[in-house]
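Student: Here you go, structure37.cif (mmCIF, N, CA and C atoms):
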```
data_query
loop_
_atom_site.label_atom_id
_atom_site.label_comp_id
_atom_site.auth_asym_id
_atom_site.auth_seq_id
_atom_site.Cartn_x
_atom_site.Cartn_y
_atom_site.Cartn_z
N MET A 20 6.82 70.59 51.01
CA MET A 20 7.25 70.42 49.64
C MET A 20 6.95 71.71 48.88
N GLN A 21 7.95 72.25 48.25
CA GLN A 21 7.69 73.35 47.32
C GLN A 21 8.42 73.05 46.03
N PHE A 22 7.71 73.27 44.93
CA PHE A 22 8.28 73.08 43.61
C PHE A 22 8.31 74.44 42.93
N SER A 23 9.41 74.73 42.25
CA SER A 23 9.53 75.99 41.54
C SER A 23 9.96 75.75 40.10
N SER A 24 9.50 76.59 39.22
CA SER A 24 9.91 76.55 37.82
C SER A 24 9.92 77.98 37.29
N GLU A 25 10.49 78.14 36.11
CA GLU A 25 10.65 79.47 35.55
C GLU A 25 10.22 79.45 34.08
N TYR A 26 9.51 80.49 33.67
CA TYR A 26 9.01 80.59 32.29
C TYR A 26 9.24 81.99 31.74
N GLN A 27 9.71 82.05 30.52
CA GLN A 27 9.82 83.33 29.81
C GLN A 27 8.48 83.58 29.11
N ILE A 28 7.93 84.77 29.28
CA ILE A 28 6.69 85.13 28.60
C ILE A 28 6.99 85.23 27.10
N ASN A 29 6.19 84.57 26.32
CA ASN A 29 6.31 84.66 24.86
C ASN A 29 5.53 85.87 24.35
N PHE A 30 6.02 86.47 23.29
CA PHE A 30 5.33 87.61 22.70
C PHE A 30 3.91 87.23 22.30
N SER A 31 3.73 85.99 21.85
CA SER A 31 2.39 85.54 21.42
C SER A 31 1.43 85.37 22.60
N ASP A 32 1.92 85.44 23.84
CA ASP A 32 1.09 85.27 25.03
C ASP A 32 0.47 86.58 25.53
N ILE A 33 0.87 87.69 24.94
CA ILE A 33 0.37 88.98 25.45
C ILE A 33 -0.82 89.47 24.64
N ASN A 34 -1.55 90.38 25.22
CA ASN A 34 -2.67 90.99 24.51
C ASN A 34 -2.29 92.40 24.06
N ILE A 35 -3.25 93.13 23.55
CA ILE A 35 -2.98 94.46 23.00
C ILE A 35 -2.49 95.44 24.07
N GLY A 36 -2.76 95.15 25.33
CA GLY A 36 -2.30 96.02 26.41
C GLY A 36 -0.88 95.70 26.87
N ASN A 37 -0.18 94.84 26.15
CA ASN A 37 1.20 94.44 26.45
C ASN A 37 1.33 93.71 27.78
N HIS A 38 0.28 93.01 28.19
CA HIS A 38 0.41 92.17 29.37
C HIS A 38 -0.14 90.78 29.06
N LEU A 39 0.22 89.84 29.92
CA LEU A 39 -0.15 88.44 29.72
C LEU A 39 -1.67 88.31 29.62
N SER A 40 -2.11 87.70 28.56
CA SER A 40 -3.54 87.48 28.35
C SER A 40 -4.08 86.55 29.43
N SER A 41 -5.26 86.84 29.93
CA SER A 41 -5.84 86.06 31.03
C SER A 41 -5.90 84.56 30.73
N SER A 42 -6.21 84.21 29.51
CA SER A 42 -6.31 82.78 29.16
C SER A 42 -4.96 82.07 29.24
N ASN A 43 -3.88 82.82 29.08
CA ASN A 43 -2.55 82.19 29.11
C ASN A 43 -2.04 81.92 30.52
N TYR A 44 -2.64 82.55 31.52
CA TYR A 44 -2.27 82.21 32.88
C TYR A 44 -2.51 80.72 33.13
N LEU A 45 -3.63 80.22 32.64
CA LEU A 45 -3.96 78.80 32.84
C LEU A 45 -2.94 77.89 32.16
N SER A 46 -2.42 78.30 31.02
CA SER A 46 -1.38 77.51 30.35
C SER A 46 -0.14 77.40 31.22
N TYR A 47 0.27 78.51 31.84
CA TYR A 47 1.44 78.47 32.71
C TYR A 47 1.17 77.69 33.99
N VAL A 48 -0.06 77.72 34.49
CA VAL A 48 -0.44 76.88 35.63
C VAL A 48 -0.30 75.40 35.24
N ASN A 49 -0.85 75.05 34.09
CA ASN A 49 -0.77 73.67 33.61
C ASN A 49 0.69 73.24 33.40
N ASN A 50 1.51 74.14 32.85
CA ASN A 50 2.94 73.83 32.66
C ASN A 50 3.63 73.58 33.99
N THR A 51 3.29 74.35 35.01
CA THR A 51 3.89 74.17 36.34
C THR A 51 3.56 72.79 36.88
N ILE A 52 2.30 72.39 36.78
CA ILE A 52 1.90 71.07 37.28
C ILE A 52 2.56 69.96 36.46
N ALA A 53 2.59 70.11 35.13
CA ALA A 53 3.23 69.11 34.27
C ALA A 53 4.72 69.00 34.60
N ASP A 54 5.39 70.13 34.79
CA ASP A 54 6.82 70.11 35.13
C ASP A 54 7.06 69.44 36.48
N TYR A 55 6.14 69.63 37.41
CA TYR A 55 6.24 68.96 38.72
C TYR A 55 6.18 67.45 38.54
N PHE A 56 5.20 66.96 37.77
CA PHE A 56 5.11 65.51 37.54
C PHE A 56 6.37 64.99 36.84
N ILE A 57 6.87 65.74 35.88
CA ILE A 57 8.10 65.35 35.18
C ILE A 57 9.27 65.28 36.16
N SER A 58 9.35 66.23 37.09
CA SER A 58 10.43 66.22 38.08
C SER A 58 10.38 64.98 38.97
N LEU A 59 9.19 64.40 39.10
CA LEU A 59 9.02 63.17 39.89
C LEU A 59 9.27 61.91 39.06
N GLY A 60 9.49 62.10 37.75
CA GLY A 60 9.75 60.96 36.88
C GLY A 60 8.50 60.41 36.20
N PHE A 61 7.44 61.21 36.17
CA PHE A 61 6.17 60.79 35.57
C PHE A 61 5.75 61.78 34.49
N LYS A 62 4.67 61.44 33.80
CA LYS A 62 4.04 62.37 32.87
C LYS A 62 2.67 62.72 33.44
N ILE A 63 2.15 63.85 33.01
CA ILE A 63 0.84 64.29 33.52
C ILE A 63 -0.26 63.31 33.12
N ASP A 64 -0.04 62.57 32.03
CA ASP A 64 -1.05 61.61 31.59
C ASP A 64 -0.69 60.17 31.95
N ASP A 65 0.34 59.99 32.82
CA ASP A 65 0.71 58.65 33.25
C ASP A 65 1.38 58.71 34.62
N PHE A 66 0.59 58.93 35.64
CA PHE A 66 1.07 58.90 37.02
C PHE A 66 0.56 57.61 37.64
N PHE A 67 1.43 56.62 37.75
CA PHE A 67 1.06 55.28 38.20
C PHE A 67 -0.05 54.69 37.33
N GLY A 68 -0.08 55.09 36.05
CA GLY A 68 -1.08 54.58 35.11
C GLY A 68 -2.37 55.40 35.08
N TYR A 69 -2.41 56.51 35.79
CA TYR A 69 -3.61 57.35 35.84
C TYR A 69 -3.34 58.69 35.20
N LYS A 70 -4.38 59.33 34.71
CA LYS A 70 -4.26 60.64 34.07
C LYS A 70 -4.70 61.72 35.05
N TYR A 71 -3.89 62.77 35.16
CA TYR A 71 -4.25 63.90 36.01
C TYR A 71 -5.04 64.90 35.20
N ILE A 72 -6.13 65.39 35.77
CA ILE A 72 -6.88 66.49 35.16
C ILE A 72 -7.22 67.53 36.23
N MET A 73 -7.25 68.79 35.81
CA MET A 73 -7.70 69.85 36.70
C MET A 73 -9.22 69.86 36.69
N THR A 74 -9.83 69.93 37.86
CA THR A 74 -11.29 69.96 37.95
C THR A 74 -11.82 71.31 38.41
N ASN A 75 -10.95 72.10 39.04
CA ASN A 75 -11.37 73.43 39.50
C ASN A 75 -10.13 74.31 39.64
N VAL A 76 -10.24 75.55 39.18
CA VAL A 76 -9.15 76.51 39.31
C VAL A 76 -9.73 77.83 39.80
N GLU A 77 -9.20 78.32 40.91
CA GLU A 77 -9.60 79.62 41.44
C GLU A 77 -8.40 80.55 41.29
N MET A 78 -8.59 81.65 40.53
CA MET A 78 -7.49 82.55 40.22
C MET A 78 -7.67 83.92 40.86
N ASP A 79 -6.57 84.47 41.34
CA ASP A 79 -6.56 85.80 41.94
C ASP A 79 -5.44 86.59 41.25
N PHE A 80 -5.84 87.52 40.37
CA PHE A 80 -4.89 88.35 39.63
C PHE A 80 -4.51 89.54 40.50
N LYS A 81 -3.25 89.60 40.91
CA LYS A 81 -2.77 90.68 41.79
C LYS A 81 -2.38 91.92 40.99
N SER A 82 -1.61 91.72 39.92
CA SER A 82 -1.24 92.82 39.02
C SER A 82 -0.77 92.23 37.70
N GLU A 83 -0.73 93.07 36.68
CA GLU A 83 -0.42 92.61 35.33
C GLU A 83 1.01 92.08 35.22
N ILE A 84 1.17 91.07 34.37
CA ILE A 84 2.50 90.59 34.00
C ILE A 84 2.76 91.10 32.59
N LYS A 85 3.74 91.95 32.47
CA LYS A 85 4.05 92.62 31.19
C LYS A 85 5.09 91.82 30.40
N TYR A 86 5.13 92.11 29.11
CA TYR A 86 6.15 91.52 28.24
C TYR A 86 7.28 92.52 28.08
N PRO A 87 8.54 92.14 28.11
CA PRO A 87 9.04 90.80 28.41
C PRO A 87 9.17 90.60 29.92
N SER A 88 8.93 89.41 30.39
CA SER A 88 9.07 89.07 31.81
C SER A 88 9.42 87.60 31.94
N THR A 89 9.97 87.30 33.09
CA THR A 89 10.21 85.91 33.47
C THR A 89 9.32 85.62 34.67
N ILE A 90 8.49 84.59 34.54
CA ILE A 90 7.63 84.15 35.65
C ILE A 90 8.40 83.14 36.48
N HIS A 91 8.44 83.37 37.78
CA HIS A 91 8.96 82.39 38.72
C HIS A 91 7.72 81.77 39.37
N SER A 92 7.44 80.54 39.01
CA SER A 92 6.25 79.85 39.49
C SER A 92 6.62 79.01 40.71
N HIS A 93 5.82 79.13 41.77
CA HIS A 93 6.05 78.37 43.01
C HIS A 93 4.77 77.59 43.32
N MET A 94 4.95 76.31 43.62
CA MET A 94 3.79 75.44 43.85
C MET A 94 3.98 74.62 45.12
N ASP A 95 2.92 74.53 45.91
CA ASP A 95 2.87 73.68 47.09
C ASP A 95 1.63 72.79 47.00
N ILE A 96 1.69 71.65 47.66
CA ILE A 96 0.49 70.83 47.82
C ILE A 96 -0.22 71.33 49.07
N SER A 97 -1.45 71.79 48.91
CA SER A 97 -2.23 72.27 50.05
C SER A 97 -2.89 71.12 50.80
N PHE A 98 -3.54 70.23 50.04
CA PHE A 98 -4.23 69.09 50.63
C PHE A 98 -4.18 67.92 49.67
N ILE A 99 -4.17 66.73 50.25
CA ILE A 99 -4.43 65.52 49.47
C ILE A 99 -5.60 64.85 50.15
N LYS A 100 -6.70 64.77 49.44
CA LYS A 100 -7.91 64.15 49.98
C LYS A 100 -8.07 62.77 49.36
N LYS A 101 -9.18 62.12 49.60
CA LYS A 101 -9.38 60.73 49.13
C LYS A 101 -9.12 60.59 47.63
N THR A 102 -9.72 61.45 46.82
CA THR A 102 -9.53 61.34 45.37
C THR A 102 -9.03 62.65 44.76
N ARG A 103 -8.76 63.66 45.57
CA ARG A 103 -8.38 64.97 45.03
C ARG A 103 -7.05 65.44 45.60
N ILE A 104 -6.35 66.19 44.77
CA ILE A 104 -5.14 66.87 45.22
C ILE A 104 -5.34 68.36 44.94
N ILE A 105 -4.95 69.18 45.90
CA ILE A 105 -5.13 70.62 45.77
C ILE A 105 -3.76 71.29 45.83
N PHE A 106 -3.43 72.01 44.75
CA PHE A 106 -2.17 72.73 44.65
C PHE A 106 -2.41 74.22 44.86
N SER A 107 -1.45 74.88 45.49
CA SER A 107 -1.41 76.35 45.56
C SER A 107 -0.25 76.79 44.69
N ILE A 108 -0.52 77.69 43.76
CA ILE A 108 0.49 78.14 42.83
C ILE A 108 0.53 79.67 42.83
N SER A 109 1.74 80.23 42.84
CA SER A 109 1.88 81.67 42.72
C SER A 109 2.90 81.97 41.62
N PHE A 110 2.69 83.11 40.96
CA PHE A 110 3.62 83.61 39.96
C PHE A 110 4.26 84.88 40.50
N GLU A 111 5.57 84.90 40.44
CA GLU A 111 6.32 86.05 40.93
C GLU A 111 7.15 86.61 39.77
N VAL A 112 7.18 87.91 39.65
CA VAL A 112 8.00 88.60 38.65
C VAL A 112 8.79 89.69 39.38
N ASN A 113 10.10 89.63 39.25
CA ASN A 113 10.98 90.63 39.89
C ASN A 113 10.69 90.77 41.38
N GLY A 114 10.45 89.65 42.05
CA GLY A 114 10.24 89.66 43.49
C GLY A 114 8.84 90.05 43.95
N THR A 115 7.93 90.29 43.02
CA THR A 115 6.56 90.68 43.37
C THR A 115 5.58 89.60 42.95
N ILE A 116 4.71 89.19 43.89
CA ILE A 116 3.67 88.21 43.57
C ILE A 116 2.64 88.88 42.67
N LYS A 117 2.44 88.30 41.48
CA LYS A 117 1.53 88.87 40.49
C LYS A 117 0.23 88.08 40.37
N PHE A 118 0.26 86.82 40.81
CA PHE A 118 -0.88 85.92 40.56
C PHE A 118 -0.82 84.79 41.57
N ILE A 119 -1.99 84.42 42.08
CA ILE A 119 -2.12 83.29 43.01
C ILE A 119 -3.32 82.46 42.56
N CYS A 120 -3.17 81.14 42.61
CA CYS A 120 -4.32 80.30 42.28
C CYS A 120 -4.31 79.02 43.11
N THR A 121 -5.47 78.44 43.21
CA THR A 121 -5.67 77.14 43.84
C THR A 121 -6.23 76.22 42.78
N VAL A 122 -5.59 75.07 42.61
CA VAL A 122 -5.99 74.11 41.58
C VAL A 122 -6.37 72.79 42.24
N THR A 123 -7.58 72.33 41.98
CA THR A 123 -8.01 71.02 42.43
C THR A 123 -7.97 70.09 41.24
N GLY A 124 -7.45 68.90 41.45
CA GLY A 124 -7.37 67.93 40.37
C GLY A 124 -7.58 66.51 40.87
N VAL A 125 -7.80 65.63 39.93
CA VAL A 125 -8.00 64.21 40.24
C VAL A 125 -7.17 63.38 39.26
N PHE A 126 -6.98 62.12 39.63
CA PHE A 126 -6.36 61.14 38.75
C PHE A 126 -7.46 60.23 38.24
N LEU A 127 -7.58 60.15 36.92
CA LEU A 127 -8.63 59.33 36.32
C LEU A 127 -8.11 57.93 36.00
N ASN A 128 -8.96 56.93 36.30
CA ASN A 128 -8.62 55.57 35.92
C ASN A 128 -9.06 55.31 34.48
N LYS A 129 -8.93 54.08 34.02
CA LYS A 129 -9.25 53.76 32.63
C LYS A 129 -10.72 53.95 32.28
N THR A 130 -11.60 53.94 33.29
CA THR A 130 -13.02 54.18 33.03
C THR A 130 -13.39 55.66 33.22
N GLN A 131 -12.36 56.51 33.34
CA GLN A 131 -12.52 57.96 33.48
C GLN A 131 -13.20 58.36 34.79
N LYS A 132 -13.03 57.54 35.82
CA LYS A 132 -13.53 57.85 37.16
C LYS A 132 -12.35 58.24 38.04
N PRO A 133 -12.57 59.12 39.02
CA PRO A 133 -11.48 59.49 39.92
C PRO A 133 -10.95 58.28 40.69
N HIS A 134 -9.63 58.15 40.69
CA HIS A 134 -8.97 57.05 41.39
C HIS A 134 -8.55 57.52 42.78
N PRO A 135 -8.77 56.70 43.81
CA PRO A 135 -8.31 57.08 45.15
C PRO A 135 -6.79 57.29 45.17
N ILE A 136 -6.36 58.28 45.92
CA ILE A 136 -4.93 58.55 46.08
C ILE A 136 -4.46 57.75 47.29
N ASP A 137 -3.74 56.66 47.01
CA ASP A 137 -3.30 55.78 48.09
C ASP A 137 -1.99 56.30 48.71
N ASN A 138 -1.54 55.60 49.76
CA ASN A 138 -0.36 56.06 50.50
C ASN A 138 0.90 56.08 49.65
N SER A 139 1.05 55.13 48.74
CA SER A 139 2.26 55.12 47.89
C SER A 139 2.26 56.32 46.95
N MET A 140 1.08 56.68 46.44
CA MET A 140 0.98 57.87 45.59
C MET A 140 1.26 59.14 46.41
N LYS A 141 0.69 59.19 47.62
CA LYS A 141 0.92 60.36 48.49
C LYS A 141 2.40 60.56 48.78
N LYS A 142 3.09 59.47 49.04
CA LYS A 142 4.52 59.54 49.36
C LYS A 142 5.30 60.16 48.20
N VAL A 143 5.01 59.73 46.99
CA VAL A 143 5.69 60.27 45.82
C VAL A 143 5.30 61.74 45.61
N LEU A 144 4.00 62.04 45.71
CA LEU A 144 3.53 63.40 45.51
C LEU A 144 4.17 64.39 46.49
N LYS A 145 4.33 63.95 47.71
CA LYS A 145 4.93 64.81 48.73
C LYS A 145 6.45 64.79 48.66
N ASN A 146 6.98 64.00 47.72
CA ASN A 146 8.42 63.89 47.50
C ASN A 146 9.13 63.35 48.74
N ASP A 147 8.47 62.39 49.43
CA ASP A 147 9.02 61.78 50.64
C ASP A 147 9.68 60.44 50.34
N ILE A 148 10.27 60.29 49.17
CA ILE A 148 10.84 58.99 48.79
C ILE A 148 12.10 58.74 49.58
#
```
Any chance you could put this one into structure tokens?
Tutor:
Amino acid sequence: MQFSSEYQINFSDINIGNHLSSSNYLSYVNNTIADYFISLGFKIDDFFGYKYIMTNVEMDFKSEIKYPSTIHSHMDISFIKKTRIIFSISFEVNGTIKFICTVTGVFLNKTQKPHPIDNSMKKVLKNDI
């Protein structure tokens, strides 16, 4: 499964050096995950009644993303564990990988505890419908 999306860098997202501010990379990562859930017919805060949250993000900045640019975001599911899902996300600009990250997340139940990812959830997440 690979999911792709595209984002135009906003002028307000850059810093004084005319490149994407480090804090805004996380916004585009979150947008990629949210767009993936939307493509499956869900919302990030309502996946089978559970809320998705990121619990860990490891980022590797390869080179600066300058303004103006279009980010081509590519996402794969690396692992689905008992209560965690791990995404690999890369940002490409003009055919060059500029950023790579690994995102671990969980689905929270109504008591804010991680909910186990059952087989029906896995099937939808892997887009094996």
Student: Residues of chain A in strand (DSSP E or B) according to DSSP, as an mmCIF file with N, CA and C atoms, in the frame of the given file?
Tutor:
```
data_model
loop_
_atom_site.group_PDB
_atom_site.id
_atom_site.type_symbol
_atom_site.label_atom_id
_atom_site.label_comp_id
_atom_site.auth_asym_id
_atom_site.auth_seq_id
_atom_site.Cartn_x
_atom_site.Cartn_y
_atom_site.Cartn_z
ATOM 1 N N GLN A 21 7.950 72.250 48.250
ATOM 2 C CA GLN A 21 7.690 73.350 47.320
ATOM 3 C C GLN A 21 8.420 73.050 46.030
ATOM 4 N N PHE A 22 7.710 73.270 44.930
ATOM 5 C CA PHE A 22 8.280 73.080 43.610
ATOM 6 C C PHE A 22 8.310 74.440 42.930
ATOM 7 N N SER A 23 9.410 74.730 42.250
ATOM 8 C CA SER A 23 9.530 75.990 41.540
ATOM 9 C C SER A 23 9.960 75.750 40.100
ATOM 10 N N SER A 24 9.500 76.590 39.220
ATOM 11 C CA SER A 24 9.910 76.550 37.820
ATOM 12 C C SER A 24 9.920 77.980 37.290
ATOM 13 N N GLU A 25 10.490 78.140 36.110
ATOM 14 C CA GLU A 25 10.650 79.470 35.550
ATOM 15 C C GLU A 25 10.220 79.450 34.080
ATOM 16 N N TYR A 26 9.510 80.490 33.670
ATOM 17 C CA TYR A 26 9.010 80.590 32.290
ATOM 18 C C TYR A 26 9.240 81.990 31.740
ATOM 19 N N GLN A 27 9.710 82.050 30.520
ATOM 20 C CA GLN A 27 9.820 83.330 29.810
ATOM 21 C C GLN A 27 8.480 83.580 29.110
ATOM 22 N N ILE A 33 0.870 87.690 24.940
ATOM 23 C CA ILE A 33 0.370 88.980 25.450
ATOM 24 C C ILE A 33 -0.820 89.470 24.640
ATOM 25 N N HIS A 38 0.280 93.010 28.190
ATOM 26 C CA HIS A 38 0.410 92.170 29.370
ATOM 27 C C HIS A 38 -0.140 90.780 29.060
ATOM 28 N N LEU A 39 0.220 89.840 29.920
ATOM 29 C CA LEU A 39 -0.150 88.440 29.720
ATOM 30 C C LEU A 39 -1.670 88.310 29.620
ATOM 31 N N LYS A 62 4.670 61.440 33.800
ATOM 32 C CA LYS A 62 4.040 62.370 32.870
ATOM 33 C C LYS A 62 2.670 62.720 33.440
ATOM 34 N N ASP A 65 0.340 59.990 32.820
ATOM 35 C CA ASP A 65 0.710 58.650 33.250
ATOM 36 C C ASP A 65 1.380 58.710 34.620
ATOM 37 N N PHE A 66 0.590 58.930 35.640
ATOM 38 C CA PHE A 66 1.070 58.900 37.020
ATOM 39 C C PHE A 66 0.560 57.610 37.640
ATOM 40 N N TYR A 69 -2.410 56.510 35.790
ATOM 41 C CA TYR A 69 -3.610 57.350 35.840
ATOM 42 C C TYR A 69 -3.340 58.690 35.200
ATOM 43 N N LYS A 70 -4.380 59.330 34.710
ATOM 44 C CA LYS A 70 -4.260 60.640 34.070
ATOM 45 C C LYS A 70 -4.700 61.720 35.050
ATOM 46 N N TYR A 71 -3.890 62.770 35.160
ATOM 47 C CA TYR A 71 -4.250 63.900 36.010
ATOM 48 C C TYR A 71 -5.040 64.900 35.200
ATOM 49 N N ILE A 72 -6.130 65.390 35.770
ATOM 50 C CA ILE A 72 -6.880 66.490 35.160
ATOM 51 C C ILE A 72 -7.220 67.530 36.230
ATOM 52 N N MET A 73 -7.250 68.790 35.810
ATOM 53 C CA MET A 73 -7.700 69.850 36.700
ATOM 54 C C MET A 73 -9.220 69.860 36.690
ATOM 55 N N THR A 74 -9.830 69.930 37.860
ATOM 56 C CA THR A 74 -11.290 69.960 37.950
ATOM 57 C C THR A 74 -11.820 71.310 38.410
ATOM 58 N N ASN A 75 -10.950 72.100 39.040
ATOM 59 C CA ASN A 75 -11.370 73.430 39.500
ATOM 60 C C ASN A 75 -10.130 74.310 39.640
ATOM 61 N N VAL A 76 -10.240 75.550 39.180
ATOM 62 C CA VAL A 76 -9.150 76.510 39.310
ATOM 63 C C VAL A 76 -9.730 77.830 39.800
ATOM 64 N N GLU A 77 -9.200 78.320 40.910
ATOM 65 C CA GLU A 77 -9.600 79.620 41.440
ATOM 66 C C GLU A 77 -8.400 80.550 41.290
ATOM 67 N N MET A 78 -8.590 81.650 40.530
ATOM 68 C CA MET A 78 -7.490 82.550 40.220
ATOM 69 C C MET A 78 -7.670 83.920 40.860
ATOM 70 N N ASP A 79 -6.570 84.470 41.340
ATOM 71 C CA ASP A 79 -6.560 85.800 41.940
ATOM 72 C C ASP A 79 -5.440 86.590 41.250
ATOM 73 N N PHE A 80 -5.840 87.520 40.370
ATOM 74 C CA PHE A 80 -4.890 88.350 39.630
ATOM 75 C C PHE A 80 -4.510 89.540 40.500
ATOM 76 N N LYS A 85 3.740 91.950 32.470
ATOM 77 C CA LYS A 85 4.050 92.620 31.190
ATOM 78 C C LYS A 85 5.090 91.820 30.400
ATOM 79 N N THR A 89 9.970 87.300 33.090
ATOM 80 C CA THR A 89 10.210 85.910 33.470
ATOM 81 C C THR A 89 9.320 85.620 34.670
ATOM 82 N N ILE A 90 8.490 84.590 34.540
ATOM 83 C CA ILE A 90 7.630 84.150 35.650
ATOM 84 C C ILE A 90 8.400 83.140 36.480
ATOM 85 N N HIS A 91 8.440 83.370 37.780
ATOM 86 C CA HIS A 91 8.960 82.390 38.720
ATOM 87 C C HIS A 91 7.720 81.770 39.370
ATOM 88 N N SER A 92 7.440 80.540 39.010
ATOM 89 C CA SER A 92 6.250 79.850 39.490
ATOM 90 C C SER A 92 6.620 79.010 40.710
ATOM 91 N N HIS A 93 5.820 79.130 41.770
ATOM 92 C CA HIS A 93 6.050 78.370 43.010
ATOM 93 C C HIS A 93 4.770 77.590 43.320
ATOM 94 N N MET A 94 4.950 76.310 43.620
ATOM 95 C CA MET A 94 3.790 75.440 43.850
ATOM 96 C C MET A 94 3.980 74.620 45.120
ATOM 97 N N ASP A 95 2.920 74.530 45.910
ATOM 98 C CA ASP A 95 2.870 73.680 47.090
ATOM 99 C C ASP A 95 1.630 72.790 47.000
ATOM 100 N N ILE A 96 1.690 71.650 47.660
ATOM 101 C CA ILE A 96 0.490 70.830 47.820
ATOM 102 C C ILE A 96 -0.220 71.330 49.070
ATOM 103 N N SER A 97 -1.450 71.790 48.910
ATOM 104 C CA SER A 97 -2.230 72.270 50.050
ATOM 105 C C SER A 97 -2.890 71.120 50.800
ATOM 106 N N PHE A 98 -3.540 70.230 50.040
ATOM 107 C CA PHE A 98 -4.230 69.090 50.630
ATOM 108 C C PHE A 98 -4.180 67.920 49.670
ATOM 109 N N ILE A 99 -4.170 66.730 50.250
ATOM 110 C CA ILE A 99 -4.430 65.520 49.470
ATOM 111 C C ILE A 99 -5.600 64.850 50.150
ATOM 112 N N ARG A 103 -8.760 63.660 45.570
ATOM 113 C CA ARG A 103 -8.380 64.970 45.030
ATOM 114 C C ARG A 103 -7.050 65.440 45.600
ATOM 115 N N ILE A 104 -6.350 66.190 44.770
ATOM 116 C CA ILE A 104 -5.140 66.870 45.220
ATOM 117 C C ILE A 104 -5.340 68.360 44.940
ATOM 118 N N ILE A 105 -4.950 69.180 45.900
ATOM 119 C CA ILE A 105 -5.130 70.620 45.770
ATOM 120 C C ILE A 105 -3.760 71.290 45.830
ATOM 121 N N PHE A 106 -3.430 72.010 44.750
ATOM 122 C CA PHE A 106 -2.170 72.730 44.650
ATOM 123 C C PHE A 106 -2.410 74.220 44.860
ATOM 124 N N SER A 107 -1.450 74.880 45.490
ATOM 125 C CA SER A 107 -1.410 76.350 45.560
ATOM 126 C C SER A 107 -0.250 76.790 44.690
ATOM 127 N N ILE A 108 -0.520 77.690 43.760
ATOM 128 C CA ILE A 108 0.490 78.140 42.830
ATOM 129 C C ILE A 108 0.530 79.670 42.830
ATOM 130 N N SER A 109 1.740 80.230 42.840
ATOM 131 C CA SER A 109 1.880 81.670 42.720
ATOM 132 C C SER A 109 2.900 81.970 41.620
ATOM 133 N N PHE A 110 2.690 83.110 40.960
ATOM 134 C CA PHE A 110 3.620 83.610 39.960
ATOM 135 C C PHE A 110 4.260 84.880 40.500
ATOM 136 N N GLU A 111 5.570 84.900 40.440
ATOM 137 C CA GLU A 111 6.320 86.050 40.930
ATOM 138 C C GLU A 111 7.150 86.610 39.770
ATOM 139 N N VAL A 112 7.180 87.910 39.650
ATOM 140 C CA VAL A 112 8.000 88.600 38.650
ATOM 141 C C VAL A 112 8.790 89.690 39.380
ATOM 142 N N THR A 115 7.930 90.290 43.020
ATOM 143 C CA THR A 115 6.560 90.680 43.370
ATOM 144 C C THR A 115 5.580 89.600 42.950
ATOM 145 N N ILE A 116 4.710 89.190 43.890
ATOM 146 C CA ILE A 116 3.670 88.210 43.570
ATOM 147 C C ILE A 116 2.640 88.880 42.670
ATOM 148 N N LYS A 117 2.440 88.300 41.480
ATOM 149 C CA LYS A 117 1.530 88.870 40.490
ATOM 150 C C LYS A 117 0.230 88.080 40.370
ATOM 151 N N PHE A 118 0.260 86.820 40.810
ATOM 152 C CA PHE A 118 -0.880 85.920 40.560
ATOM 153 C C PHE A 118 -0.820 84.790 41.570
ATOM 154 N N ILE A 119 -1.990 84.420 42.080
ATOM 155 C CA ILE A 119 -2.120 83.290 43.010
ATOM 156 C C ILE A 119 -3.320 82.460 42.560
ATOM 157 N N CYS A 120 -3.170 81.140 42.610
ATOM 158 C CA CYS A 120 -4.320 80.300 42.280
ATOM 159 C C CYS A 120 -4.310 79.020 43.110
ATOM 160 N N THR A 121 -5.470 78.440 43.210
ATOM 161 C CA THR A 121 -5.670 77.140 43.840
ATOM 162 C C THR A 121 -6.230 76.220 42.780
ATOM 163 N N VAL A 122 -5.590 75.070 42.610
ATOM 164 C CA VAL A 122 -5.990 74.110 41.580
ATOM 165 C C VAL A 122 -6.370 72.790 42.240
ATOM 166 N N THR A 123 -7.580 72.330 41.980
ATOM 167 C CA THR A 123 -8.010 71.020 42.430
ATOM 168 C C THR A 123 -7.970 70.090 41.240
ATOM 169 N N GLY A 124 -7.450 68.900 41.450
ATOM 170 C CA GLY A 124 -7.370 67.930 40.370
ATOM 171 C C GLY A 124 -7.580 66.510 40.870
ATOM 172 N N VAL A 125 -7.800 65.630 39.930
ATOM 173 C CA VAL A 125 -8.000 64.210 40.240
ATOM 174 C C VAL A 125 -7.170 63.380 39.260
ATOM 175 N N PHE A 126 -6.980 62.120 39.630
ATOM 176 C CA PHE A 126 -6.360 61.140 38.750
ATOM 177 C C PHE A 126 -7.460 60.230 38.240
ATOM 178 N N LEU A 127 -7.580 60.150 36.920
ATOM 179 C CA LEU A 127 -8.630 59.330 36.320
ATOM 180 C C LEU A 127 -8.110 57.930 36.000
ATOM 181 N N PRO A 133 -12.570 59.120 39.020
ATOM 182 C CA PRO A 133 -11.480 59.490 39.920
ATOM 183 C C PRO A 133 -10.950 58.280 40.690
#
```
Student: Of the candidates A:Lys117, A:His38, A:Lys145, A:Lys129, which shows the shortest atom-to-atom distance to A:Ile96, using only C-alpha atoms?
Tutor: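 Among the listed residues, A:Lys145 lies closest to A:Ile96.
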Student: Box along x, y and z, 8 Å on every side, all listed atoms of stretch 69-85 of chain A inside: centre and edge lengths in Å to one decimal, as AutoDock Vina command-line options.
Tutor:
```
--center_x -3.4 --center_y 74.8 --center_z 36.2 --size_x 32.9 --size_y 52.6 --size_z 27.5
```
Student: A:Ile119, A:Val112, A:Ile57, A:Ile104: which is nearest A:Pro135, counting only C-alpha atoms?
Tutor: A:Ile104
Student: Given the PyMOL selection byres ((chain A and resi 81) around 6) and the file above, list the residues it selects as a list in words.
Tutor: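 Applying the PyMOL selection byres ((chain A and resi 81) around 6) to the structure shown produces Asp79, Phe80, Ser82, Glu83, Ile116, Lys117, Phe118 and Ile119 of chain A.
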Student: Would you write out, as a PyMOL selection string, every residue that the PyMOL selection byres ((chain A and resi 127) around 7) captures in this file?
Tutor: chain A and resi 68-72+125-126+128-134
Student: Env of A:Ile105: 8 Å cut, atoms = only N, CA and C atoms, seq-sep filter 5 positions within chain, self excluded. Answer as a list in words.
Tutor: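 The neighbour list is Asp95, Ile96, Ser97, Phe98, Ile99, Lys100, Thr121, Val122, Thr123, Gly124 and Val125 of chain A.
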